[in-house]
Each structure stands twice: as C-alpha cells, then as structure tokens.
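For reference, the structure is listed below as structure tokens.
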Amino acid sequence: MPPQPTASTGLTQAEVAQRVQRGETNAFKARVGRSYWQIFRDNVLNVFNIVFFTLMVVVIYLQDYSTAVFAGFSVVTNSILGMFQEISAKRQLDKLAALAAKDVLVWRDGKLVGVPIPGIVKDDVMPIEPGDRLVVDGLILESDSLEMDESQLTGESDAVFKEAGHEVHSGSFCIAGTGLMRVTKVGKDSTINNLSTIAKIYKNVLTPTQKRISALVQVALIIMLIVMPMLAIAGYLTQLPILEIVRSLVVFVSSIVPQGLVLTTILSLTIGAVTISRFQTLIQRVNAVESMANVTVLCFDKTGTLTRNILTVTEIIPLNGHTAEAIQADLRTYTGSLSYKNRTAGAIAEFLPAVTSNGSTPTKLKEIPFNSSRKWGAVVFPEHTFVLGAPERVIDSRAFPEAARHAEALAAQGLRVLAFARTQQPPVDGQLTGAADAQALIILNDQIRPDIQDTLNSFRQQNVALKVISGDNLETVKSIATASGLVINHAYTGDELNQMSDPELESAAVNGDLFARIEPDTKRRIIAALKRQGHYVAMVGDGVNDVPALKEAHLAIAMNDGAQISKDVAEIVLLNNAMSTLPKAFEEGRTITQTIFSTTKLFLVKNFYNIVLIFFIGFMGLPFPTSPIQISWITFGTVNIPATLIAFKIIRPKFLAEFRRDVLEYVITCGTISAVNLAVMYAVVYYATDMNVFAARSAVTLFIAFLGTMIFWHICGIELMEPRTLLQNSRITLLGIALTGITMLAPFLLPQWFDFIPPTPLIWALMISIFLFTVVTVHVVTRSRYLILQFWEVFKP
C-alpha cells in the first residue's frame, strides 16, 4: 500500500514518478471528435465503396482495365482526398483545442502547481473551486460548504453537499464552496470514462442539411440494394455478356448514391471549422459550423458580453446609522471568511483599505455560498450572520423601507447594487429568517465593451434577434443594455415569468428583449420556449449558472475564461472572451452552408436525372444508356471539379435561401425534364443509327456534358435565357466553357477508350435542339413552380 499524501504537501516528485511507472496516470484520451479510424471508415469503408469496389474487382478479373481506371478514378479520388483533407483539418483543430485547454491545479511538494489533465496521477491532492469540472474521481479531504452538481451522472440537478470522507466523481462540477480531494481513480477507471452514456463525450449530432443528405443516401442505398439484383437478372435473361451486366451495375451504383456529396459536405464543414478558428473561435463540434448559419435568436447575459466583466467597487453607502469604519470591518470579516472569492467578493475585498490584523477574527461556523438561485450568500459566526446579495432578497422592505427605496433608485440609474446586512438568526434550510439589519449598499461598476455596438449591429444585419437574460436587477440591466445600443421594447423579471402559463411564457420569450432576475432553470425555460416557437437558438454563457441554458440551446457558446463546465458543454468557445468575433463566425457559417446547398444541388441533379433516365430506358426496353467510362469522365469534369472549387471557396455560388425551394425543387424539376429529354434523344439516335448503341451512348455523353455546364451556371447565377448574366459572371462563364470543352475533347481524342462515335451533323443538330428546349423548359417551369407545387400538394396531410 503506497503512502498516502497529506493535504498540506501532496505528493512528492518521487511519488509521482512511481505512479507514472505503475501506469496510474490520467493519460486516457476520451474522444472529443471524429477519430482517425472513424474518418477512414466513413470515407473508405462505407456501403457504397464496398459494393462499388466489389464490382471493380469483377471488372478487373474480366480484364476490362479501362473501365476500372475511369470508373474507379473519381470514387478513389473523392475518398482519399476527402479523408486526407479531413485528417489535416482535424490536426489543426486538435492543436488549437490543446492550446485552449487549461492545466489543473494539484498540490505537489507543498506547492500548488498546474499540470495538464493527462499528467494527474493517483493520490494527487487537488483543490476544488466553483466552476471546476472534475476530470478524475476522488475522496474529499477538506470541505468548506462544498456543493457539487452530479446531474451529468445521476440526472438529478439538485446540489449535493460534500463533507470530508465523501466520494466525488469525474463528470460532476462544483457550483459553490471549496474543497480538497485526493485522487482515487484515473484514466479508464474514472467514472466518466466507465459510463457509456458519459464516456462518449463526442456524439455526431447531424445538422439540418446533414439530416436531409443522410436520409437521401439511406433511401438511395435501399433502392440500390433492391434494383441491383433486378438489373443483373434482367441482363442474364436477355443473354447479355457478364462484362456488360457488370458495367451496367457500375453505372447504376455510381449514379444512384451521391457519395461525393457526403464527402463534400464533411469537407466543407471541416474547412469551415478551421477558417472560423482564425477568428479566435474554437469549434469543438464541427457540425456547429452549419448551426451558426441557422441561428435566429442569440441569448446572452450582460456580464462579460455587453460589459468587460472587470468589476470595481465605486462606493459603499452606509445605512441605518452604521459608520463606514464599522461596515468596512464587517465586510473585511465577511470576505476574509469566504471559502472562495468570486469576482464580486474579490472586488469588495480589493476596495477595502488595508489594516493590520489584530487576530480577533471570529470563528466561522458555516457558510452558505452565493448562487444564482438564492441571489445571496452568508457566513454564520457564533454571535451573528453576515449576508451579501441582491437588495430585494436581503433587505426587508417593510422593516427598512427607506433602504429598499434607496437601492431601487440606484438600480434605476443603471448601477449594480448589492446589499450587506447583519442578522442574529442564521439561515435555515437555505432561507433567511428574521429581519436582517441592512448595514450598507455597495455600488459596483462594470465597463461596457467599447466595440459592443458594432457587434450588435452586425448581428442585426444578419437578422439575428438579440435577447439579454441576466440575474441582475431589471433597471440595472436595462440601463446597460440601452447604453450598449439595444432597443428594449419589452422586459420581464423572473418572478413575472414564473407566474405565467406555458403559452404566456412562450409569448413573453418571443416578444421580450430583456429578462432580469432570472434563475438558471428559468433561463433554460426561456430557451426551450423559443425552440418550441420554431426559433434556432444560440446561447452565450460563461458561468455555472448558464449550464442548463447552454445544454438546452441548439448552439452553446462559452467564454474561454468562463467556468470549465460551461466550456465542456459548449460547441463553440470564444478564445478572446468577446462576442465581437461571433458575427464573423456566423457569416462564415452561412458561407459554408451555401457551399453545402450548392454542392448538394450539383450532385443531386446529376444523380436524379441519371436514375430516372435508367428507368425510362428500361421501360422502353432499350440497351443501357451509358458506359462506366463515359459517365465517370463526364461527371468528373462537369460535377466533381466544380463541386471541389465550390467546397474550397474558389467559386462563390448564388445565394440559396431555402433547402426545399432552392435545392430540392430544382433537383426534381431540372432532373425530371433533363431525364425525359435525354431519353427522347437516346431513343431517336439509337433508332436513327440502325440501333447503334455506341452512337446513342456517345450522344448521351455529350448531352450530359452540356447539362452539367447548364446546372453549374445556374448554381452560380448564370441563366442562358438571360444573356446579360453571362457577361456579369464572365469568369464563371469562361470556366464552364473550358471545363465542358476539355471534358468533351477527351472522347474525341481517345474514341477507343471511351467506345465513342463522333456524332454526325444531323445528330449534332438534334442534340443542340433538344438541349436548347431543355434550357427553355427548365427556365419556365422552375419560375412558374406550378408543377412542383402540385407535386407538394400530394404530400400535404
């Protein structure tokens, strides 16, 4: 049994070295992002790739190497480039997260030193303070009014008092008081790493767009697994060569599953996270990038957001005949007896003049730490109790009406006011008993951030509604909010909200601009009410009291200097502790979402018209309309390259406001019209060339190249029916022409590789005529929306 350290000295360096040698360290890395294995698995070992590469093996076995090279090229390129780009971005984000991580304090060799979390060893002695989230299990050695929140472990949100000898578990966090613990379980043995619901800190919460894409991919996979055997059986019954059957299956598989879209989406989000990190904003969940684009309401406290959170005492006003000297002495006793000085207590202690201690400080019997629910804290001594907190909670307005009115008047001026009182009766069950003798009002100042007005204006320009939710006095918060540039039309207090029914609370949450004297659970209820009304809510917080609201919000944002637990539950951490970087991050999030929308549009139209074309041709009993080499090469040039340019933000697409109207409706409309015209052209060319399938497929290949250019131009805001847009976007016009020309040139140069027969002038004329008809039809139908609206009408409940 190793010797146990004393609370005063902790372990020695020799004892630490022994435990490191025995492996009793906290060097266990819980997964906080997609692991390298996950990235490899999702990019390479997915269902689509397994099916596709199985077909490639058969193709190679049958010695059709050209099909293997061309058909496999884009799939391999997508998978490998996507995997390496995501790994590169992951490394950058991991480095940034490591820089943002803070050391934890432990006692070693009689000194309090900071060590990285993996450097904690068994039997280390660690102090516990409000806001600390325990990363290891331990046994309490000393406790001073220590209150722990174990809701992440037990689901119960009530504070749990911890005394010496009690166990504490990793995953819990300190909400009040202080303590000293000896580490008993580290690494994989700690509670947080043993519980399956807690150990997987990272969970892949899909964004709205990812959910849609995931649903489309799942449907496509189901269709693929059902139709593939049918195509194989049909080929066998019509006595097609095995190679031709496999080629048809390759075309079908590569056409139906938008695998490139999934990879592009992940790539866009990852690149976005890295880009946003340049704004001093750490993305802890990559999916938060798109969440920023969806935010309609931003909720925040005034402290640390509107203000700098640097508190100073400006004045102490004596009440009821108490002298300044006596008040200062009592405040010195109160602050000196606290187990932990928060910013307010620290500001008061710093304001008090220094005196020589006479050694007559009374013995503290008990402490009730300040928290956001009580709005006061108290220290109990043998003969009296000192109380510090919100005037309306500390001062009995009936016993001391003048003091209460004075506090209200000061708060109405926008000042932050606390009341200090003495009572002969100690609190009972966390409640003040008896009338407290109001001794003083303490005025604190917190400077407004100089850049806050520009920051708030930037949010308004992005149509983000702003709501201040604070625990401070209504008049104080309103004054600071107004000075910061906020327009307050409706304001509510916590007491008013608590008396409302659920419908009334929802109305107040939507219409209110400011909420004061709000307790932590009421913050959470406001966020939940906004969500029920259809808003996408972001919450900025930095303290323990913000944790319930941060958990409830769609997007949780924490300050880097805030409580550790607030950063643990947040998707985003503001490394410079200022909201001034958020508008840029939100704008970048919207840019990334536009990238995802545009690439989705590009890939899905191609998949849609290919699948519909295959079914149309099948119904007409005609040979398969294209070959793997042809479809792979044309798709690479007119879809994959443009999508990559958009993903890397080399090209900025046209703004798309709604997924259903601007993406899905276009996919259905353009895809259907294109498939119909492709099928007509294929059938006409097939029969016009005496059923020459190679001539018909060659015409389809060139037509698909034209379609790819048209769709790419549409995504970038170019309409062939509006010639001025070609000049307005001349760079995109030339790029589209160049990509199409180069892509179409290859089959002419290598006809044997592509099984290509150059079209006759008559086929060229037919092809161009049908393409122009397609352009006109897509233009008219997408603008009238008549057919698509009738389509949606079918699915109305």
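Chains: A, B, ... in order of the structure tokens. Residues: from 1 per chain. Ligands: from 1, in order shown.
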Using only C-alpha atoms, which protein or nucleic acid residues come within 10 Å of Gln424 (chain A)? Drop anything in the same chain fewer than 6 positions from it, and give the result as a list in words. Val380, Phe381, Pro382, Glu383, His384, Thr385, Phe386, Thr433, Gly434, Ala435, Ala436 and Asp437 of chain A
For the residues in that selection, give me N, CA, C and O atoms as a short mmCIF file (atom, residue, chain, number, x, y, z; two decimals), in the first residue's frame.
data_model
loop_
_atom_site.label_atom_id
_atom_site.label_comp_id
_atom_site.auth_asym_id
_atom_site.auth_seq_id
_atom_site.Cartn_x
_atom_site.Cartn_y
_atom_site.Cartn_z
N VAL A 380 -21.94 32.37 8.68
CA VAL A 380 -22.50 32.29 10.04
C VAL A 380 -21.36 32.28 11.06
O VAL A 380 -20.43 31.45 10.95
N PHE A 381 -21.43 33.18 12.02
CA PHE A 381 -20.48 33.24 13.13
C PHE A 381 -21.24 32.94 14.43
O PHE A 381 -22.48 32.89 14.44
N PRO A 382 -20.55 32.75 15.55
CA PRO A 382 -21.25 32.39 16.81
C PRO A 382 -22.30 33.40 17.24
O PRO A 382 -23.36 33.00 17.76
N GLU A 383 -22.05 34.67 17.03
CA GLU A 383 -22.97 35.68 17.57
C GLU A 383 -23.84 36.34 16.52
O GLU A 383 -24.81 37.02 16.86
N HIS A 384 -23.52 36.20 15.26
CA HIS A 384 -24.31 36.84 14.20
C HIS A 384 -23.99 36.20 12.85
O HIS A 384 -23.09 35.36 12.74
N THR A 385 -24.74 36.65 11.85
CA THR A 385 -24.55 36.17 10.47
C THR A 385 -24.48 37.37 9.54
O THR A 385 -25.31 38.28 9.63
N PHE A 386 -23.50 37.38 8.64
CA PHE A 386 -23.41 38.41 7.62
C PHE A 386 -24.01 37.88 6.32
O PHE A 386 -23.77 36.72 5.94
N THR A 433 -33.97 33.96 7.76
CA THR A 433 -35.03 34.02 8.78
C THR A 433 -34.85 35.30 9.59
O THR A 433 -33.74 35.70 9.91
N GLY A 434 -35.97 35.93 9.90
CA GLY A 434 -35.91 37.17 10.68
C GLY A 434 -35.49 38.34 9.82
O GLY A 434 -34.99 38.19 8.70
N ALA A 435 -35.70 39.54 10.34
CA ALA A 435 -35.36 40.76 9.62
C ALA A 435 -33.87 41.04 9.78
O ALA A 435 -33.36 41.14 10.89
N ALA A 436 -33.18 41.16 8.65
CA ALA A 436 -31.76 41.47 8.68
C ALA A 436 -31.56 42.98 8.82
O ALA A 436 -32.32 43.77 8.25
N ASP A 437 -30.56 43.37 9.59
CA ASP A 437 -30.23 44.78 9.77
C ASP A 437 -29.40 45.23 8.57
O ASP A 437 -28.23 44.86 8.42
#
Pick out the closest residue to Ile704 (chain A) from this set: A:Leu263, A:Val639, A:Val680, A:Ile634. Count only C-alpha atoms. A:Ile634
Residues within 6 Å of Ala556 (chain A), please, as a PyMOL selection string. Count only C-alpha atoms; anything in the same chain fewer than 3 positions from it doesn't count. chain A and resi 538-539+550+553+570-571
Excluding Gly637 (chain A) and residues on its chain fewer than 3 positions from it, collect all residues at most 7 Å away from it, counting only C-alpha atoms, and give them as a PyMOL selection string. chain A and resi 633-634+640-641+739+743
Residues of region 601-778 of chain A in helix (DSSP H, G or I) according to DSSP, as number ranges by chain? A: 601-620, 628-647, 659-688, 693-715, 724-728, 730-749, 751-754, 761-778
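The space separating CA of Ser458 (chain A) from CA of Val569 (chain A) comes to 26.0 Å.
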Sorted by chain and rising residue number, list the residues of region 331-385 of chain A at most 12 Å from region 124-129 of chain A (counting only C-alpha atoms), each with its closest atom pair and distance in Å to one decimal, as JSON lines.
{"residue": "A:Leu338", "atom": "CA", "partner": "A:Glu129", "partner_atom": "CA", "distance": 11.8}
{"residue": "A:Ser339", "atom": "CA", "partner": "A:Glu129", "partner_atom": "CA", "distance": 8.7}
{"residue": "A:Tyr340", "atom": "CA", "partner": "A:Glu129", "partner_atom": "CA", "distance": 6.9}
{"residue": "A:Lys341", "atom": "CA", "partner": "A:Glu129", "partner_atom": "CA", "distance": 9.6}
{"residue": "A:Asn342", "atom": "CA", "partner": "A:Glu129", "partner_atom": "CA", "distance": 9.9}
{"residue": "A:Pro369", "atom": "CA", "partner": "A:Glu129", "partner_atom": "CA", "distance": 11.4}
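The shell of residues at most 10 Å from Val51 (chain A), with only C-alpha atoms counted and near chain neighbours (fewer than 5 positions) removed, consists of Leu45, Asn46, Met56, Met224, Leu225, Leu249, Val250 and Val253 of chain A.
Restricting the calculation to only C-alpha atoms, the smallest distance between Arg785 (chain A) and any of A:Ala705, A:Ile668, A:Ile222, A:Ala234 is found for A:Ile668.
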For the strand (DSSP E or B) assignment from backbone DSSP, which residues of region 515-567 of chain A qualify? Please present them as a ChimeraX atom specification. /A:515-516,537-541,555-559
Same residues, N, CA, C and O atoms, saved as a short mmCIF file (atom, residue, chain, number, x, y, z; two decimals), in the first residue's frame:
data_model
loop_
_atom_site.label_atom_id
_atom_site.label_comp_id
_atom_site.auth_asym_id
_atom_site.auth_seq_id
_atom_site.Cartn_x
_atom_site.Cartn_y
_atom_site.Cartn_z
N PHE A 515 -34.61 40.07 -20.01
CA PHE A 515 -35.15 39.30 -18.90
C PHE A 515 -34.19 39.45 -17.72
O PHE A 515 -33.00 39.16 -17.85
N ALA A 516 -34.70 39.92 -16.59
CA ALA A 516 -33.85 40.22 -15.43
C ALA A 516 -34.27 39.39 -14.22
O ALA A 516 -35.39 38.89 -14.15
N VAL A 537 -31.90 28.59 -31.62
CA VAL A 537 -31.41 29.44 -30.53
C VAL A 537 -29.95 29.15 -30.21
O VAL A 537 -29.54 28.00 -30.04
N ALA A 538 -29.17 30.24 -30.11
CA ALA A 538 -27.80 30.17 -29.62
C ALA A 538 -27.74 30.85 -28.27
O ALA A 538 -28.43 31.85 -28.04
N MET A 539 -26.94 30.31 -27.37
CA MET A 539 -26.81 30.86 -26.02
C MET A 539 -25.33 31.08 -25.72
O MET A 539 -24.51 30.19 -25.91
N VAL A 540 -25.01 32.29 -25.26
CA VAL A 540 -23.64 32.61 -24.85
C VAL A 540 -23.61 32.64 -23.32
O VAL A 540 -24.42 33.34 -22.69
N GLY A 541 -22.70 31.89 -22.72
CA GLY A 541 -22.60 31.86 -21.26
C GLY A 541 -21.17 31.63 -20.82
O GLY A 541 -20.31 31.23 -21.60
N LEU A 555 -27.30 25.82 -30.06
CA LEU A 555 -25.88 26.11 -30.20
C LEU A 555 -25.39 26.76 -28.91
O LEU A 555 -25.84 27.85 -28.55
N ALA A 556 -24.48 26.08 -28.23
CA ALA A 556 -23.94 26.58 -26.95
C ALA A 556 -22.58 27.22 -27.20
O ALA A 556 -21.70 26.60 -27.79
N ILE A 557 -22.43 28.46 -26.71
CA ILE A 557 -21.20 29.22 -26.91
C ILE A 557 -20.68 29.66 -25.54
O ILE A 557 -21.44 30.24 -24.75
N ALA A 558 -19.42 29.39 -25.26
CA ALA A 558 -18.86 29.71 -23.95
C ALA A 558 -17.64 30.61 -24.09
O ALA A 558 -16.96 30.61 -25.12
N MET A 559 -17.40 31.40 -23.03
CA MET A 559 -16.19 32.23 -22.97
C MET A 559 -15.01 31.38 -22.48
O MET A 559 -15.16 30.53 -21.60
#
What lies within 12 Å of region 650-653 of chain A using only C-alpha atoms, ignoring chain neighbours under 5 positions off, as a ChimeraX atom specification? /A:591-602,641-645,711-718,729,731-733,735-736
All residues 12 Å or closer to region 328-330 of chain A, only C-alpha atoms, same chain fewer than 3 positions away omitted, as a PyMOL selection string: chain A and resi 315-318+322-325+333-337+348-358+360-362+379+381+384-388+420-422+439-442
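Distance annotation: of A:Glu588, A:Asn463, A:Thr12, A:Leu298, the residue with the minimal separation from Lys649 (chain A) is A:Glu588; atom set is only C-alpha atoms.
Between Leu11 (chain A) and the residues A:Val121, A:Leu514, A:Ile39, A:Met744, the shortest atom-to-atom distance, using only C-alpha atoms, involves A:Val121.
Closest approach to Val544 (chain A) among A:Leu105, A:Leu749, A:Ala176, A:Leu613 is made by A:Ala176 (distances from only C-alpha atoms).
Rounded to one decimal, CA of Arg247 (chain A) and CA of Phe52 (chain A) lie 11.0 Å from each other.
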Restricting to only C-alpha atoms, whichever of A:Ile256, A:Val57, A:Leu727, A:Ala403 is closest to Leu319 (chain A) is A:Ala403
